[in-house]
Amino acid sequence: MSTIPKDAAAAERPSGAIESADTGRLDGASPARIFAVLAVIVAFTEVAPMQYTIVAAALQKIAPTFPSVGANINWAIIVFGLIGAAASPLIGKMSDVWGKKRMFLVCGVLFMIGCALDAVTSSWGLFLIGRGLQATAIATAVIAYGLIRDLLPRKYVPLGLGVTATGLGLSAVGGPLLGGYLVDNYSWRAIFWVLAGFTLLMLPLVWIVVPESKLRVSERIDVFGAVLLSAGAALTLIYLDKGQDWGWHEPLTLAWLFGGIALLVLFVVVELRVSRPIMDMKLLFHPRVALVLGGALFASFLIGVQSYALGYMTQTPDSDTVAAGVQQATLAQIQQQTGQPMPPAMVQVLLDPGYSYGNGFTLLQFAVRVALLQAVLAMICGALAGALARKIGARLPLVFALMLFVGAGVGYAVLPHTWVVFLWVSAAFGIGFGFYYASMPILMVEAVPQEQQGISLGMLGVMQSMGVAIGLAIVTAYLNASPITARVSVAGQPAQGSVIPQVFADHGYEMGFWFAAGASVIALLIALVMRHGRTPATGGTAH
């Protein structure tokens with residue numbers, strides 16, 4: 001197995017950085033104590049995937065509150081991934097310097113503030129600011145990996161990482177059902193109040209049950225690097241999202257792309273020069289690390305696309321219902337103008353183009369009929385993959401996961417867009433999702449020495465968040481390019497057309513799925529050539 005040379009590893013270690021070789025590992029603790037610590041850590045990290053699961057599925061219900069944004073409602077998720085990508089390595093560094101448990105709690109407080117803001121605002125700009133504050137919760141997974149690596153006995157580390165990656169089931173199983181119940185019986189705002197309340201309950205549990213890691217690293221925090229990364233990524237994603245509307249080759253449109261690329265290049269230059277980079281470029285370009293990060297980036301495209309598309313497509317009314325609604329609105333308008341009712345047969349509505357999806361589900365119906373099975377399978381398979389990694393290594397579970405990703409992406413694109421098809425394809429995806437999210441952090445921990453594991457897991461979080469954001473930006477661009485027009489003819493007169501808001505042609509979704517499937521093929525090829533992860537996982541003791 002290829003290894004990072006010892007002299008290179010030493011060069012990456014800050015001089016005098018580790019203040020104590022004792023990390024506070026619970027080697028002498030009872031199993032009950034160990035699993036209590038693990039359960040609280042994992043339950044606290046559930047807040048990020050729980051809100052992602054609920055909010056992504058609820059976008060179709062949130063969209064009417066912000067009618068002017070159209071398909072850009074996806075930015076409610078893109079901003080979460082974008083800010084989370086920049087914040088994760090920064091907060092990961094802070095946790096190494098100031099304490100992992102302390103930053104764990106800080107992330108929870110910021111998340112609560114963001115939830116409260118989104119629960120009360122009707123401003124799209126303020127809503128996105130709230131989503132940005134909530135994005136700090138993504139970093140809790142990075143901190144959790146570090147806490148597990150520092151606190152759990154070695155033999156429990158692979159299992160702990162696998163369970164942390166896929167959760168205890170609170171977000172996987174409870175998220176869709178909770179979100180559906182809240183939205184159907186109250187409103188989408190109740191989602192954010194409940195998430196804030198859950199976090200408020202978890203904060204004292206973390207304080208009491210989870211010990212602080214004794215591992216400390218003395219170094220400066222690279223805030224400038226985080227700003228360059230987030231700004232460069234944001235400008236690039238705006239180009240991908242709005243290029244269709246603004247014109248891909250228009251000079252002002254290209255300025256967003258070139259500006260984003262320039263900032264990302266500057267980010268790399270700065271990171272190569274600063275003594276304590278937010279992302280270690282030498283580590284980033286090492287073959288083992290680069291392959292894991294590249295696979296995570298491309299695999300996450302499908303995670304972003306399908307988490308949004310399935311909920312939106314099944315909650316959209318079918319084409320007959322939409323056409324009937326346009327007809328009724330037209331009849332009501334005519335009666336208001338003339339004072340006389342008009343027979344419905346006199347108003348003909350044609351949707352151009354038509355669409356084949358749409359069930360008009362409530363959010364709870366979507367959760368029960370489609371999302372729940374995927375969630376349960378992902379939870380079970382995450383724990384299974386963590387256990388398998390201890391016996392056969394994490395690479396084969398990852399290959400299996402990515403094969404399912406490719407199959408699911410193609411299935412979503414070519415099979416009929418019915419909820420029954422979505423149920424079974426998403427079930428296969430759920431199995432792959434569990435194996436994927438358990439395998440990736442194990443592969444990263446096994447790839448690098450202990451002093452580099454914190455920053456490496458931070459970079460993994462960056463790539464996964466960026467992959468979700470890119471996938472959503474691409475599908476948003478396809479949807480914006482695939483509007484549906486209602487052509488209305490009254491009493492045989494020439495038809496007048498108007499775009500139906502929040503409804504999009506099949507082609508837009510299908511192109512998004514094809515794009516994500518292609519990205520999953522690239523991730524699969526990366527996993528196939530990966531050299532490490534072919535031996536049983538050690539919990540980070542390989543170095």
# chains A, B, ... in the order shown; residues from 1 in each chain; ligands from 1

$ residues_around --residues "Phe429 (chain A)" --least-positions-apart "2" --cutoff "8 Å" --atoms "only C-alpha atoms" --output "ChimeraX atom specification"
/A:374,404-405,408,425-427,431-433

$ residues_around --residues "Ser88 (chain A)" --least-positions-apart "3" --cutoff "9 Å" --atoms "only C-alpha atoms" --output "tab-separated table (two decimals) with C-alpha atoms, in the first residue's frame"
chain	number	residue	atom	x	y	z
A	83	ILE	CA	-21.21	27.83	3.27
A	84	GLY	CA	-20.81	24.43	4.89
A	85	ALA	CA	-17.99	23.60	2.48
A	91	ILE	CA	-14.28	25.09	12.14
A	92	GLY	CA	-12.33	21.83	12.01
A	93	LYS	CA	-9.13	23.85	12.50
A	135	ALA	CA	-24.65	25.41	7.46
A	136	THR	CA	-22.23	25.44	10.38
A	137	ALA	CA	-23.96	22.22	11.43
A	138	ILE	CA	-22.18	20.48	8.55
A	139	ALA	CA	-18.96	20.97	10.49
A	140	THR	CA	-20.34	18.93	13.40
A	141	ALA	CA	-19.68	15.80	11.36
A	142	VAL	CA	-16.04	16.82	10.89
A	143	ILE	CA	-15.71	17.51	14.62
A	458	GLY	CA	-12.35	18.56	6.91
A	459	MET	CA	-11.38	18.44	3.24
A	461	GLY	CA	-16.55	17.47	4.18
A	462	VAL	CA	-15.69	20.31	1.80

$ select_by_dssp --residues "region 129-218 of chain A" --states "helix (DSSP H, G or I)" --output "JSON, numbers by chain"
{"A": [129, 130, 131, 132, 133, 134, 135, 136, 137, 138, 139, 140, 141, 142, 143, 144, 145, 146, 147, 148, 149, 150, 151, 154, 155, 156, 157, 158, 159, 160, 161, 162, 163, 164, 165, 166, 170, 171, 172, 173, 174, 175, 176, 177, 178, 179, 180, 181, 182, 183, 184, 185, 189, 190, 191, 192, 193, 194, 195, 196, 197, 198, 199, 200, 201, 202, 203, 204, 205, 206, 207, 208, 209]}

$ closest_residue --among "A:Pro494, A:Gly247, A:Gly114, A:Pro344" --to "Ala477 (chain A)" --atoms "only C-alpha atoms"
A:Gly247

$ closest_residue --among "A:Ile73, A:Ala527, A:Val322, A:Met463" --to "Met403 (chain A)" --atoms "only C-alpha atoms"
A:Ala527

$ select_by_dssp --residues "region 300-520 of chain A" --states "strand (DSSP E or B)" --output "number ranges by chain"
A: 347-352, 483-490, 496-504

$ closest_residue --among "A:Ile278, A:Leu229, A:Ile113, A:Val490" --to "Ile334 (chain A)" --atoms "only C-alpha atoms"
A:Val490

$ residues_around --residues "Ile208 (chain A)" --least-positions-apart "3" --cutoff "10 Å" --atoms "only C-alpha atoms" --output "PyMOL selection string"
chain A and resi 37+40+203-205+211

$ closest_residue --among "A:Ala255, A:Ala486, A:Ala86, A:Val157" --to "Phe35 (chain A)" --atoms "only C-alpha atoms"
A:Val157

$ closest_atom_pairs --of "region 235-329 of chain A" --to "region 355-361 of chain A" --cutoff "10 Å" --atoms "only C-alpha atoms" --output "JSON lines"
{"residue": "A:Leu310", "atom": "CA", "partner": "A:Tyr357", "partner_atom": "CA", "distance": 10.0}
{"residue": "A:Gly311", "atom": "CA", "partner": "A:Phe361", "partner_atom": "CA", "distance": 8.9}
{"residue": "A:Tyr312", "atom": "CA", "partner": "A:Gly358", "partner_atom": "CA", "distance": 8.6}
{"residue": "A:Met313", "atom": "CA", "partner": "A:Gly358", "partner_atom": "CA", "distance": 5.5}
{"residue": "A:Thr314", "atom": "CA", "partner": "A:Gly358", "partner_atom": "CA", "distance": 4.9}
{"residue": "A:Gln315", "atom": "CA", "partner": "A:Phe361", "partner_atom": "CA", "distance": 4.4}
{"residue": "A:Thr316", "atom": "CA", "partner": "A:Gly358", "partner_atom": "CA", "distance": 4.8}
{"residue": "A:Pro317", "atom": "CA", "partner": "A:Gly360", "partner_atom": "CA", "distance": 3.9}
{"residue": "A:Asp318", "atom": "CA", "partner": "A:Gly358", "partner_atom": "CA", "distance": 4.2}
{"residue": "A:Ser319", "atom": "CA", "partner": "A:Tyr355", "partner_atom": "CA", "distance": 6.4}
{"residue": "A:Asp320", "atom": "CA", "partner": "A:Gly358", "partner_atom": "CA", "distance": 9.7}
{"residue": "A:Thr321", "atom": "CA", "partner": "A:Gly360", "partner_atom": "CA", "distance": 8.8}
{"residue": "A:Val322", "atom": "CA", "partner": "A:Gly358", "partner_atom": "CA", "distance": 9.8}

$ write_last_selection --atoms "N, CA, C and O atoms" --output "PDB file, in the first residue's frame"
ATOM      1  N   LEU A 310     -36.788  14.076  -6.268  1.00  0.00           N
ATOM      2  CA  LEU A 310     -37.848  13.119  -5.963  1.00  0.00           C
ATOM      3  C   LEU A 310     -38.978  13.764  -5.170  1.00  0.00           C
ATOM      4  O   LEU A 310     -40.166  13.564  -5.481  1.00  0.00           O
ATOM      5  N   GLY A 311     -38.633  14.542  -4.159  1.00  0.00           N
ATOM      6  CA  GLY A 311     -39.663  15.194  -3.377  1.00  0.00           C
ATOM      7  C   GLY A 311     -40.449  16.190  -4.203  1.00  0.00           C
ATOM      8  O   GLY A 311     -41.687  16.266  -4.104  1.00  0.00           O
ATOM      9  N   TYR A 312     -39.768  16.956  -5.030  1.00  0.00           N
ATOM     10  CA  TYR A 312     -40.432  17.984  -5.818  1.00  0.00           C
ATOM     11  C   TYR A 312     -41.346  17.361  -6.875  1.00  0.00           C
ATOM     12  O   TYR A 312     -42.479  17.813  -7.088  1.00  0.00           O
ATOM     13  N   MET A 313     -40.858  16.306  -7.534  1.00  0.00           N
ATOM     14  CA  MET A 313     -41.640  15.697  -8.606  1.00  0.00           C
ATOM     15  C   MET A 313     -42.894  15.014  -8.081  1.00  0.00           C
ATOM     16  O   MET A 313     -43.973  15.116  -8.679  1.00  0.00           O
ATOM     17  N   THR A 314     -42.789  14.304  -6.973  1.00  0.00           N
ATOM     18  CA  THR A 314     -43.949  13.576  -6.460  1.00  0.00           C
ATOM     19  C   THR A 314     -44.963  14.509  -5.799  1.00  0.00           C
ATOM     20  O   THR A 314     -46.159  14.199  -5.763  1.00  0.00           O
ATOM     21  N   GLN A 315     -44.514  15.651  -5.270  1.00  0.00           N
ATOM     22  CA  GLN A 315     -45.442  16.591  -4.636  1.00  0.00           C
ATOM     23  C   GLN A 315     -46.102  17.547  -5.645  1.00  0.00           C
ATOM     24  O   GLN A 315     -47.088  18.199  -5.318  1.00  0.00           O
ATOM     25  N   THR A 316     -45.566  17.603  -6.858  1.00  0.00           N
ATOM     26  CA  THR A 316     -46.188  18.417  -7.905  1.00  0.00           C
ATOM     27  C   THR A 316     -47.481  17.743  -8.372  1.00  0.00           C
ATOM     28  O   THR A 316     -47.516  16.529  -8.577  1.00  0.00           O
ATOM     29  N   PRO A 317     -48.558  18.485  -8.552  1.00  0.00           N
ATOM     30  CA  PRO A 317     -49.793  17.877  -9.082  1.00  0.00           C
ATOM     31  C   PRO A 317     -49.571  17.334 -10.496  1.00  0.00           C
ATOM     32  O   PRO A 317     -48.696  17.811 -11.226  1.00  0.00           O
ATOM     33  N   ASP A 318     -50.370  16.344 -10.903  1.00  0.00           N
ATOM     34  CA  ASP A 318     -50.223  15.804 -12.253  1.00  0.00           C
ATOM     35  C   ASP A 318     -50.686  16.827 -13.285  1.00  0.00           C
ATOM     36  O   ASP A 318     -51.303  17.852 -12.965  1.00  0.00           O
ATOM     37  N   SER A 319     -50.370  16.549 -14.545  1.00  0.00           N
ATOM     38  CA  SER A 319     -50.609  17.533 -15.607  1.00  0.00           C
ATOM     39  C   SER A 319     -52.098  17.844 -15.778  1.00  0.00           C
ATOM     40  O   SER A 319     -52.474  18.987 -16.067  1.00  0.00           O
ATOM     41  N   ASP A 320     -52.978  16.845 -15.611  1.00  0.00           N
ATOM     42  CA  ASP A 320     -54.412  17.094 -15.746  1.00  0.00           C
ATOM     43  C   ASP A 320     -54.905  18.063 -14.669  1.00  0.00           C
ATOM     44  O   ASP A 320     -55.731  18.950 -14.938  1.00  0.00           O
ATOM     45  N   THR A 321     -54.386  17.883 -13.457  1.00  0.00           N
ATOM     46  CA  THR A 321     -54.793  18.770 -12.366  1.00  0.00           C
ATOM     47  C   THR A 321     -54.316  20.198 -12.609  1.00  0.00           C
ATOM     48  O   THR A 321     -55.050  21.167 -12.366  1.00  0.00           O
ATOM     49  N   VAL A 322     -53.084  20.330 -13.087  1.00  0.00           N
ATOM     50  CA  VAL A 322     -52.547  21.661 -13.367  1.00  0.00           C
ATOM     51  C   VAL A 322     -53.339  22.330 -14.488  1.00  0.00           C
ATOM     52  O   VAL A 322     -53.707  23.510 -14.397  1.00  0.00           O
TER      53      VAL A 322
END

$ residues_around --residues "Gly174 (chain A)" --least-positions-apart "6" --cutoff "9 Å" --atoms "only C-alpha atoms" --output "list in words"
Met50, Leu372 and Ala375 of chain A

$ write_last_selection --atoms "C-alpha atoms" --output "JSON list (two decimals), in the first residue's frame"
[["chain", "number", "residue", "atom", "x", "y", "z"],
["A", 50, "MET", "CA", -32.07, 15.88, 9.46],
["A", 372, "LEU", "CA", -38.82, 6.11, 4.40],
["A", 375, "ALA", "CA", -33.75, 6.07, 4.82]]

$ residues_around --residues "region 257-264 of chain A" --least-positions-apart "4" --cutoff "8 Å" --atoms "only C-alpha atoms" --output "PyMOL selection string"
chain A and resi 228-229+231-236+239+253+268

$ write_last_selection --atoms "N, CA, C and O atoms" --output "PDB file, in the first residue's frame"
ATOM      1  N   LEU A 228     -11.761  33.059   0.338  1.00  0.00           N
ATOM      2  CA  LEU A 228     -11.448  32.834  -1.072  1.00  0.00           C
ATOM      3  C   LEU A 228     -12.166  31.599  -1.604  1.00  0.00           C
ATOM      4  O   LEU A 228     -12.715  31.615  -2.717  1.00  0.00           O
ATOM      5  N   LEU A 229     -12.165  30.528  -0.828  1.00  0.00           N
ATOM      6  CA  LEU A 229     -12.812  29.291  -1.263  1.00  0.00           C
ATOM      7  C   LEU A 229     -14.309  29.496  -1.450  1.00  0.00           C
ATOM      8  O   LEU A 229     -14.874  29.123  -2.489  1.00  0.00           O
ATOM      9  N   ALA A 231     -16.061  32.339  -1.774  1.00  0.00           N
ATOM     10  CA  ALA A 231     -16.395  33.327  -2.803  1.00  0.00           C
ATOM     11  C   ALA A 231     -16.158  32.767  -4.199  1.00  0.00           C
ATOM     12  O   ALA A 231     -16.984  32.951  -5.104  1.00  0.00           O
ATOM     13  N   GLY A 232     -15.048  32.077  -4.406  1.00  0.00           N
ATOM     14  CA  GLY A 232     -14.762  31.493  -5.714  1.00  0.00           C
ATOM     15  C   GLY A 232     -15.783  30.454  -6.110  1.00  0.00           C
ATOM     16  O   GLY A 232     -16.257  30.425  -7.250  1.00  0.00           O
ATOM     17  N   ALA A 233     -16.143  29.602  -5.152  1.00  0.00           N
ATOM     18  CA  ALA A 233     -17.151  28.579  -5.442  1.00  0.00           C
ATOM     19  C   ALA A 233     -18.512  29.211  -5.709  1.00  0.00           C
ATOM     20  O   ALA A 233     -19.248  28.781  -6.606  1.00  0.00           O
ATOM     21  N   ALA A 234     -18.855  30.261  -4.962  1.00  0.00           N
ATOM     22  CA  ALA A 234     -20.154  30.906  -5.144  1.00  0.00           C
ATOM     23  C   ALA A 234     -20.279  31.530  -6.527  1.00  0.00           C
ATOM     24  O   ALA A 234     -21.296  31.352  -7.214  1.00  0.00           O
ATOM     25  N   LEU A 235     -19.267  32.251  -6.969  1.00  0.00           N
ATOM     26  CA  LEU A 235     -19.321  32.875  -8.291  1.00  0.00           C
ATOM     27  C   LEU A 235     -19.432  31.825  -9.390  1.00  0.00           C
ATOM     28  O   LEU A 235     -20.175  31.997 -10.359  1.00  0.00           O
ATOM     29  N   THR A 236     -18.697  30.725  -9.250  1.00  0.00           N
ATOM     30  CA  THR A 236     -18.754  29.658 -10.255  1.00  0.00           C
ATOM     31  C   THR A 236     -20.132  29.008 -10.292  1.00  0.00           C
ATOM     32  O   THR A 236     -20.683  28.738 -11.366  1.00  0.00           O
ATOM     33  N   TYR A 239     -22.696  31.179 -12.013  1.00  0.00           N
ATOM     34  CA  TYR A 239     -22.583  31.055 -13.472  1.00  0.00           C
ATOM     35  C   TYR A 239     -23.297  29.802 -13.964  1.00  0.00           C
ATOM     36  O   TYR A 239     -24.068  29.841 -14.938  1.00  0.00           O
ATOM     37  N   THR A 253     -21.916  37.493 -18.126  1.00  0.00           N
ATOM     38  CA  THR A 253     -22.108  36.157 -17.549  1.00  0.00           C
ATOM     39  C   THR A 253     -20.770  35.470 -17.340  1.00  0.00           C
ATOM     40  O   THR A 253     -20.504  34.878 -16.274  1.00  0.00           O
ATOM     41  N   VAL A 268      -5.634  28.471  -4.099  1.00  0.00           N
ATOM     42  CA  VAL A 268      -4.576  27.459  -4.136  1.00  0.00           C
ATOM     43  C   VAL A 268      -3.211  28.109  -3.894  1.00  0.00           C
ATOM     44  O   VAL A 268      -2.379  27.592  -3.119  1.00  0.00           O
TER      45      VAL A 268
END

$ closest_residue --among "A:Phe224, A:Gly434, A:Ala58, A:Val97" --to "Ala378 (chain A)" --atoms "only C-alpha atoms"
A:Gly434

$ atom_distance --atom1 "CA of Ser275 (chain A)" --atom2 "CA of Leu443 (chain A)"
26.4 Å

$ closest_residue --among "A:Phe301, A:Trp256, A:Tyr436, A:Phe285" --to "Cys381 (chain A)" --atoms "only C-alpha atoms"
A:Tyr436
